[in-house]
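Here is upload12.cif, consisting of mmCIF, C-alpha atoms and all ligand atoms:
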data_upload
loop_
_atom_site.label_atom_id
_atom_site.label_comp_id
_atom_site.auth_asym_id
_atom_site.auth_seq_id
_atom_site.Cartn_x
_atom_site.Cartn_y
_atom_site.Cartn_z
CA MET B 19 0.00 0.00 0.00
CA ALA B 20 1.17 3.50 -0.80
CA LYS B 21 2.75 5.42 2.06
CA THR B 22 0.61 8.27 3.38
CA LEU B 23 1.18 11.58 5.13
CA PRO B 24 0.87 11.48 8.94
CA LYS B 25 -2.69 11.35 10.34
CA THR B 26 -1.57 13.37 13.36
CA PRO B 27 -0.86 17.15 13.13
CA PHE B 28 2.39 18.07 11.35
CA GLN B 29 4.11 21.12 9.86
CA LEU B 30 5.63 21.86 6.46
CA ASN B 31 8.10 24.73 6.15
CA GLY B 32 9.37 26.70 3.19
CA GLY B 33 10.18 30.07 1.74
CA CYS B 34 11.90 31.95 -1.05
CA PHE B 35 15.52 31.38 -2.03
CA CYS B 36 16.88 34.29 0.07
CA SER B 37 14.56 33.72 3.09
CA ALA B 38 13.07 37.25 3.00
CA ILE B 39 9.74 35.38 2.80
CA ARG B 40 9.21 32.23 4.89
CA TYR B 41 6.05 30.29 5.69
CA THR B 42 4.75 27.47 7.84
CA ILE B 43 1.87 25.18 6.88
CA SER B 44 0.29 23.69 10.01
CA VAL B 45 -1.67 20.61 8.98
CA PRO B 46 -4.22 19.60 11.65
CA GLU B 47 -5.20 16.04 12.54
CA LEU B 48 -6.93 13.99 9.84
CA SER B 49 -10.56 14.56 10.88
CA GLU B 50 -10.09 18.36 10.56
CA ARG B 51 -8.75 18.20 6.97
CA LYS B 52 -11.22 18.96 4.20
CA GLU B 53 -12.03 16.15 1.73
CA ILE B 54 -11.49 16.62 -2.01
CA PRO B 55 -14.87 16.37 -3.78
CA LYS B 56 -14.83 13.31 -6.05
CA PHE B 57 -15.58 15.40 -9.15
CA GLY B 58 -12.20 17.10 -8.66
CA ALA B 59 -10.24 13.87 -8.48
CA THR B 60 -11.31 12.35 -11.81
CA PRO B 61 -9.57 9.12 -12.95
CA ASP B 62 -7.65 10.87 -15.75
CA ARG B 63 -6.21 13.30 -13.22
CA LEU B 64 -5.28 10.84 -10.49
CA LEU B 65 -1.64 9.80 -10.19
CA THR B 66 -2.20 7.48 -7.25
CA PRO B 67 -5.25 5.67 -5.82
CA LEU B 68 -7.10 7.73 -3.22
CA ASN B 69 -7.14 6.61 0.41
CA GLU B 70 -8.46 8.09 3.66
CA VAL B 71 -5.42 10.40 3.98
CA ASN B 72 -4.64 11.64 0.46
CA GLU B 73 -8.30 12.29 -0.37
CA ARG B 74 -8.02 15.24 2.02
CA MET B 75 -6.05 18.50 1.99
CA PRO B 76 -3.20 19.25 1.58
CA ILE B 77 -3.44 18.25 -2.10
CA VAL B 78 -0.17 18.05 -4.00
CA THR B 79 -0.64 18.48 -7.76
CA LEU B 80 1.36 18.57 -10.94
CA ASP B 81 0.18 21.49 -13.08
CA HIS B 82 0.60 21.49 -16.87
CA CYS B 83 -1.16 24.83 -17.54
CA ASN B 84 0.52 27.39 -19.76
CA SER B 85 0.51 30.27 -17.25
CA CYS B 86 2.05 28.16 -14.49
CA ARG B 87 4.76 27.10 -16.93
CA ARG B 88 5.61 30.57 -18.17
CA VAL B 89 5.38 32.64 -14.99
CA PRO B 90 7.98 30.72 -12.95
CA GLY B 91 9.76 29.43 -16.07
CA VAL B 92 9.40 25.72 -15.34
CA ILE B 93 8.47 22.95 -17.76
CA LEU B 94 6.05 21.45 -15.22
CA ASP B 95 4.74 23.17 -12.10
CA SER B 96 3.66 21.61 -8.81
CA TRP B 97 1.50 23.03 -6.02
CA VAL B 98 0.59 22.26 -2.44
CA ILE B 99 -3.08 23.23 -2.13
CA CYS B 100 -4.30 24.00 1.38
CA PRO B 101 -6.73 26.21 3.31
CA LEU B 102 -5.68 29.82 3.97
CA SER B 103 -6.16 29.22 7.69
CA TRP B 104 -3.30 26.68 7.84
CA VAL B 105 -0.59 29.05 6.62
CA GLU B 106 1.39 31.80 8.33
CA PHE B 107 4.06 33.89 6.59
CA THR B 108 7.15 35.43 8.18
CA LEU B 109 8.34 38.51 6.32
CA GLN B 110 11.63 40.32 6.54
CA PRO B 111 11.11 44.11 6.50
CA ARG B 112 12.75 46.06 3.68
CA ILE B 113 16.12 47.36 4.78
CA SER B 114 17.66 50.47 3.19
CA SER B 115 21.42 50.80 2.73
CA LEU B 116 21.55 53.16 5.76
CA GLU B 117 19.94 50.68 8.14
CA SER B 118 21.51 47.78 9.95
CA PRO B 119 19.74 44.43 9.40
CA ASP B 120 19.65 43.98 13.20
CA GLU B 121 17.30 46.93 13.59
CA LYS B 122 14.42 45.22 11.82
CA GLU B 123 13.00 41.93 12.99
CA PRO B 124 10.97 39.64 10.68
CA PHE B 125 7.25 39.64 11.51
CA LYS B 126 4.36 37.22 10.98
CA VAL B 127 1.20 37.74 8.86
CA GLU B 128 -1.81 35.52 8.12
CA ALA B 129 -2.20 34.11 4.61
CA LEU B 130 -5.05 36.44 3.58
CA ALA B 131 -3.07 39.55 4.57
CA TYR B 132 -0.11 38.21 2.58
CA LEU B 133 -2.15 37.41 -0.54
CA LYS B 134 -4.21 40.62 -0.78
CA GLU B 135 -2.59 43.16 -3.04
CA ALA B 136 -4.05 46.30 -1.42
CA THR B 137 -1.97 46.45 1.75
CA SER B 138 1.19 48.25 2.77
CA LEU B 139 3.17 44.99 2.76
CA PRO B 140 4.75 45.53 -0.69
CA GLU B 141 6.21 48.86 0.58
CA ARG B 142 7.38 47.44 3.90
CA THR B 143 8.61 43.98 2.84
CA TYR B 144 9.99 42.19 -0.23
CA ILE B 145 6.65 40.72 -1.38
CA ILE B 146 5.62 41.49 -4.98
CA HIS B 147 2.09 40.84 -6.27
CA PHE B 148 1.37 40.04 -9.92
CA LYS B 149 -1.93 39.22 -11.62
CA SER B 150 -1.38 36.75 -14.48
CA SER B 151 -5.09 37.15 -15.35
CA GLU B 152 -7.98 39.07 -13.84
CA CYS B 153 -8.51 36.79 -10.83
CA SER B 154 -5.16 34.97 -10.75
CA ASN B 155 -3.01 36.46 -8.00
CA ARG B 156 0.61 35.45 -7.68
CA THR B 157 3.34 36.49 -5.27
CA PHE B 158 7.10 36.68 -5.67
CA CYS B 159 10.07 37.68 -3.56
CA GLY B 160 11.30 41.06 -4.81
CA LYS B 161 14.80 40.34 -3.56
CA CYS B 162 15.55 36.91 -5.08
CA GLY B 163 12.67 36.46 -7.57
CA THR B 164 11.17 33.21 -6.23
CA HIS B 165 7.55 32.60 -7.30
CA LEU B 166 5.74 31.48 -4.13
CA THR B 167 1.95 31.41 -4.40
CA PHE B 168 -1.12 31.30 -6.62
CA TRP B 169 -4.53 32.47 -5.35
CA PHE B 170 -7.74 32.60 -7.42
CA ASP B 171 -10.18 35.16 -6.02
CA GLY B 172 -12.82 35.09 -8.79
CA PRO B 173 -16.27 33.47 -8.96
CA LYS B 174 -16.36 30.11 -7.21
CA SER B 175 -17.04 26.96 -9.24
CA PRO B 176 -18.84 24.10 -7.41
CA LEU B 177 -15.42 22.49 -6.81
CA ARG B 178 -14.02 25.68 -5.30
CA GLN B 179 -17.12 26.16 -3.17
CA ALA B 180 -16.79 22.66 -1.78
CA LEU B 181 -13.12 23.14 -0.98
CA GLY B 182 -13.58 26.43 0.91
CA ASP B 183 -10.95 29.22 1.04
CA PHE B 184 -7.72 27.77 -0.24
CA PHE B 185 -4.64 28.75 -2.22
CA ASP B 186 -1.62 27.13 -3.84
CA ILE B 187 1.95 27.18 -2.58
CA ALA B 188 4.73 26.32 -5.05
CA THR B 189 5.96 22.85 -4.02
CA GLY B 190 9.48 23.79 -5.08
CA THR B 191 9.66 26.45 -2.35
CA LEU B 192 9.27 23.89 0.46
CA ASP B 193 12.37 23.02 2.46
CA LYS B 194 13.85 19.71 1.30
CA GLU B 195 13.09 18.13 4.70
CA SER B 196 9.39 18.96 4.19
CA VAL B 197 9.17 17.73 0.57
CA GLU B 198 10.78 14.48 1.62
CA ILE B 199 8.58 13.59 4.59
CA GLU B 200 7.02 10.16 4.27
CA GLY B 201 3.91 10.08 2.09
CA PHE B 202 4.51 13.46 0.41
CA GLY B 203 3.96 13.39 -3.36
CA PRO B 204 1.63 14.46 -6.17
CA ILE B 205 -1.78 12.80 -6.20
CA MET B 206 -3.27 14.65 -9.19
CA GLN B 207 -2.23 16.28 -12.45
CA MET B 208 -4.17 19.29 -13.71
CA TRP B 209 -4.62 20.84 -17.18
CA ALA B 210 -2.90 17.90 -18.87
CA ASP B 211 -4.70 18.85 -22.11
CA ASN B 212 -2.67 22.09 -22.17
CA GLY B 213 0.57 20.31 -21.37
CA ILE B 214 3.73 20.10 -23.42
CA ASN B 215 3.42 16.85 -25.34
CA TRP B 216 6.67 15.22 -24.15
CA VAL B 217 6.14 16.35 -20.54
CA THR B 218 2.69 14.75 -20.28
CA LYS B 219 4.12 11.59 -21.86
CA LEU B 220 6.95 11.58 -19.31
CA VAL B 221 4.46 11.95 -16.42
CA ASN B 222 2.07 9.27 -17.71
CA GLU B 223 4.48 6.73 -19.19
CA GLY B 224 7.80 7.44 -17.50
CA LYS B 225 11.09 7.18 -19.39
CA LYS B 226 9.43 5.03 -22.07
CA GLY B 227 7.00 7.90 -22.83
CA LEU B 228 9.95 10.19 -23.45
CA LEU B 229 12.26 7.83 -25.35
CA GLY B 230 9.93 5.17 -26.84
CA ASP B 231 11.83 1.97 -27.68
CA GLU B 232 15.10 3.84 -27.08
CA ALA B 233 14.33 3.45 -23.35
CA ASP B 234 14.98 -0.31 -23.68
CA ASN B 235 18.29 0.35 -25.47
CA LEU B 236 19.23 2.73 -22.65
CA SER B 237 18.61 0.16 -19.91
CA GLN B 238 20.53 -2.42 -21.97
CA LEU B 239 23.46 -0.01 -22.24
CA LYS B 240 23.40 0.53 -18.48
CA GLU B 241 23.35 -3.21 -17.80
CA GLU B 242 26.33 -3.69 -20.11
CA GLU B 243 28.19 -0.89 -18.34
CA VAL B 244 27.57 -2.54 -14.99
CA LYS B 245 28.90 -5.87 -16.33
CA LYS B 246 32.16 -4.26 -17.54
ZN ZN B 301 13.74 35.97 -1.51
#

Translate this file's structure into structure tokens.
Amino acid sequence: MAKTLPKTPFQLNGGCFCSAIRYTISVPELSERKEIPKFGATPDRLLTPLNEVNERMPIVTLDHCNSCRRVPGVILDSWVICPLSWVEFTLQPRISSLESPDEKEPFKVEALAYLKEATSLPERTYIIHFKSSECSNRTFCGKCGTHLTFWFDGPKSPLRQALGDFFDIATGTLDKESVEIEGFGPIMQMWADNGINWVTKLVNEGKKGLLGDEADNLSQLKEEEVKK
């Protein structure tokens, strides 16, 4: 049976490359995690069978959509989807060349305050907001450029209504220790129809999808190398 995330409360930590923006995701015990409605986890999207743990938030996805490829400049994106209420950000205040870094302590903000564009945070910290479409809100670190979050604040589809207030955190911004905890991994792929042909093949068929019959030649070569 596939390994699952812990059923007891646990934390995931991450942040941008330079640590001017850090966050903690506090996952509560299993019974307090929201279930994914079945119409969201359709068979063509699923990468692993659902069980009592991975059918609930946090949902880790692979995302083939064009915007999420272009904005961070990755061939395939991945998100950790979780309720706003689970996440707290720690922001380093902006420091001018005349100030000593010791004079300004990082401070904590709730996810909604971090995600909303109309606050004083962009003046006081390194957060940058960018709308990739009318209701698609993204954040970046203005110091190192890391793309951290995606938040849709438009009309709610039935799926979005059922899931409640949630947003996406770029999986690649998690600390390695968090990405590698037991049971962590993508359970769904989204927007595969928009995907780059060879990337969707790689996800669905592995090395064989990328190389075709050449994959067999490659493993043969490796075996021969080992024998030498
Ligand atoms: Zn940064």

Given a cut-off of 6 Å, what residues near ligand ZN 301 (chain B) show up using all atoms listed in the file, put as a PyMOL selection string? chain B and resi 34-39+159+161-162

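Residue neighbourhood of B:Val78, excluding near-sequence residues (fewer than 3 positions): Asn72, Met75, Asp81, Ser96, Trp97, Val98, Ile99, Cys100, Asp186, Ile187, Ala188, Thr189, Phe202, Gly203, Pro204, Ile205, Met206 and Gln207 of chain B, at 10 Å, using only C-alpha atoms.
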
Of B:Thr108, B:Asn215, B:Thr22, B:Thr42, the one sitting nearest B:Pro67 when using all atoms listed in the file is B:Thr22

Selection: 6 Å around stretch 196-201 of chain B, all atoms listed in the file, excl. self and same-chain fewer than 3 positions, as a PDB file with C-alpha atoms, keeping the file's coordinate frame:
ATOM      1  CA  LYS B  21       2.750   5.420   2.060  1.00  0.00           C
ATOM      2  CA  THR B  22       0.610   8.270   3.380  1.00  0.00           C
ATOM      3  CA  LEU B  23       1.180  11.580   5.130  1.00  0.00           C
ATOM      4  CA  LEU B  30       5.630  21.860   6.460  1.00  0.00           C
ATOM      5  CA  ASP B 193      12.370  23.020   2.460  1.00  0.00           C
TER       6      ASP B 193
END

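Our summary of the geometry notes that atom CA of B:Gln110 is positioned 23.7 Å from atom CA of B:Val89.
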
Kindly indicate which residue among B:Asn84, B:Thr143, B:Gln29, B:Ser151 lies nearest to B:Glu123, using all atoms listed in the file for the distances. B:Thr143

By how many Å are atom CA of B:Cys86 and atom CA of B:Leu192 apart? 17.1 Å

Report the distance between atom CA of B:Gly91 and atom CA of B:Pro124 in Å, rounded to one decimal place. 28.7 Å

Please identify all polymer residues within 12 Å of B:Phe125, counting only C-alpha atoms, omitting same-chain residues fewer than 3 positions from it, and present them as a PyMOL selection string. chain B and resi 38-41+106-112+122+128+132+139+142-143

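Residues surrounding B:Leu133 within 9 Å are Glu128, Ala129, His147, Asn155, Arg156, Thr157, Thr167, Phe168 and Trp169 of chain B [only C-alpha atoms; sequence separation below 4 positions excluded].
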
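If all atoms listed in the file are the atoms counted, then among B:Thr164, B:Gly172, B:Thr79, B:Trp209 the closest residue to B:Thr66 is B:Thr79.
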
Between B:Leu102, B:Val217, B:Ala210, B:Ile145, smallest distance to B:Phe170 by only C-alpha atoms belongs to B:Leu102

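Using only C-alpha atoms, the shortest contact distance between B:Trp104 and any of B:Gly213, B:Pro46, B:Pro90, B:Gly182 is found at B:Pro46.
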
With 4 Å added on each side, what axis-aligned box encloses every listed atom of stretch 120-134 of chain B? Give the centre and edge lengths in Å to one decimal, as lines of an AutoDock Vina configuration file.
center_x = 7.3
center_y = 40.5
center_z = 6.4
size_x = 32.7
size_y = 20.8
size_z = 22.4

For B:Ser103, which of B:Arg51, B:Lys225, B:His165, B:Arg74 is the closest residue, counting all atoms listed in the file? B:Arg51
